[in-house]
Amino acid sequence: MVKVLFVCLGNICRSPTAEGVFRKVVERAELQQRIEIDSAGTHAYHIGAPPDTRAQEAARRRGIELSGLRGRKATRLDIERFDYILAMDEENLQNLMAICPSGLEDKVRLFLEFAPSRPEREVPDPYFGGEQGFERVLDMIEEAANGLLAHLRQHHQL
Ligand code: 4NP
């Protein structure tokens, strides 16, 4: 089992979107028995909360259901347990590095490393913006999710 954890700040916009999008990509490839997927936030603001309604609506327009997800905070144990801990932006990456057990730093990466044809390195925080921000986030996440699956196939004999 390859274990992938998506991480943002609140775990109500970007990382649950990444979880839902990647779940769909993995199910389409019939690899759901081989890849475990979860998401978490680096802050505690939204523990137990469902994804932001704007994130849910944007995902639903692309056939992805996020309503069952609930916010939780990332821990050191997550970094031990998961193989890929994928941060949405540099701030999330730094927050994860601050709790990372020594020697495991290589597991923590920026998610957009898997979308090398895009100019951006970070998935921008859409929380304080409009609907358009959520569409852009989805476009970026869809591209990186496909790149991530290709990477996992190549490196884990999937
Ligand atoms: P996320 O977005 O990190 O993509 O879930 C945010 C959600 C909430 C807040 C910031 C970003 N907040 O400040 O409450």
# chains A, B, ... in the order shown; residues from 1 in each chain; ligands from 1
>>> select_by_dssp(residues="stretch 10-125 of chain A", states="alpha helix (DSSP H)", output="ChimeraX atom specification")
/A:14-28,53-60,76-81,90-99
>>> closest_atom_pairs(of="chain A", to="ligand 1", cutoff="7 Å", atoms="only C-alpha atoms and all ligand atoms", output="Markdown table")
| residue | atom | partner | partner_atom_place_in_ligand_line | distance |
| --- | --- | --- | --- | --- |
| A:Cys8 | CA | ligand 1 | 3 (O) | 4.3 |
| A:Leu9 | CA | ligand 1 | 3 (O) | 3.4 |
| A:Gly10 | CA | ligand 1 | 5 (O) | 3.6 |
| A:Asn11 | CA | ligand 1 | 5 (O) | 4.0 |
| A:Ile12 | CA | ligand 1 | 5 (O) | 3.8 |
| A:Cys13 | CA | ligand 1 | 4 (O) | 3.7 |
| A:Arg14 | CA | ligand 1 | 4 (O) | 3.7 |
| A:Ser15 | CA | ligand 1 | 4 (O) | 6.1 |
| A:Gly41 | CA | ligand 1 | 3 (O) | 6.7 |
| A:Tyr45 | CA | ligand 1 | 14 (O) | 6.0 |
| A:Asp125 | CA | ligand 1 | 4 (O) | 5.2 |
| A:Pro126 | CA | ligand 1 | 2 (O) | 6.2 |
| A:Tyr127 | CA | ligand 1 | 2 (O) | 4.9 |
>>> closest_atom_pairs(of="stretch 117-152 of chain A", to="stretch 24-31 of chain A", cutoff="12 Å", atoms="only C-alpha atoms", output="tab-separated table")
residue	atom	partner	partner_atom	distance
A:Ile141	CA	A:Val25	CA	11.1
A:Glu142	CA	A:Val25	CA	8.6
A:Glu143	CA	A:Val25	CA	10.5
A:Ala144	CA	A:Val25	CA	10.7
A:Ala145	CA	A:Val25	CA	7.1
A:Asn146	CA	A:Val25	CA	6.9
A:Gly147	CA	A:Val25	CA	10.4
A:Leu148	CA	A:Val25	CA	9.8
A:Leu149	CA	A:Val26	CA	7.3
A:Ala150	CA	A:Val26	CA	10.5
A:Leu152	CA	A:Val26	CA	10.5
>>> closest_residue(among="A:Arg34, A:Arg76, A:Arg61, A:Arg23", to="A:Ile99", atoms="only C-alpha atoms")
A:Arg76
>>> residues_around(residues="A:Phe111", least_positions_apart="3", cutoff="12 Å", atoms="only C-alpha atoms", output="count of residues only")
41
>>> residues_around(residues="stretch 46-53 of chain A", least_positions_apart="3", cutoff="9 Å", atoms="only C-alpha atoms", output="ChimeraX atom specification")
/A:10-13,16-17,41,43,56-58,66-73,127
>>> select_by_dssp(residues="chain A", states="strand (DSSP E or B)", output="list in words")
Val2, Lys3, Val4, Leu5, Phe6, Val7, Cys8, Ile35, Glu36, Ile37, Asp38, Ser39, Ala40, Gly41, Lys73, Tyr84, Ile85, Leu86, Ala87, Val108, Arg109 and Leu110 of chain A
>>> closest_residue(among="A:Asp139, A:Glu36, A:Glu113, A:Glu131", to="A:Arg54", atoms="only C-alpha atoms")
A:Glu131
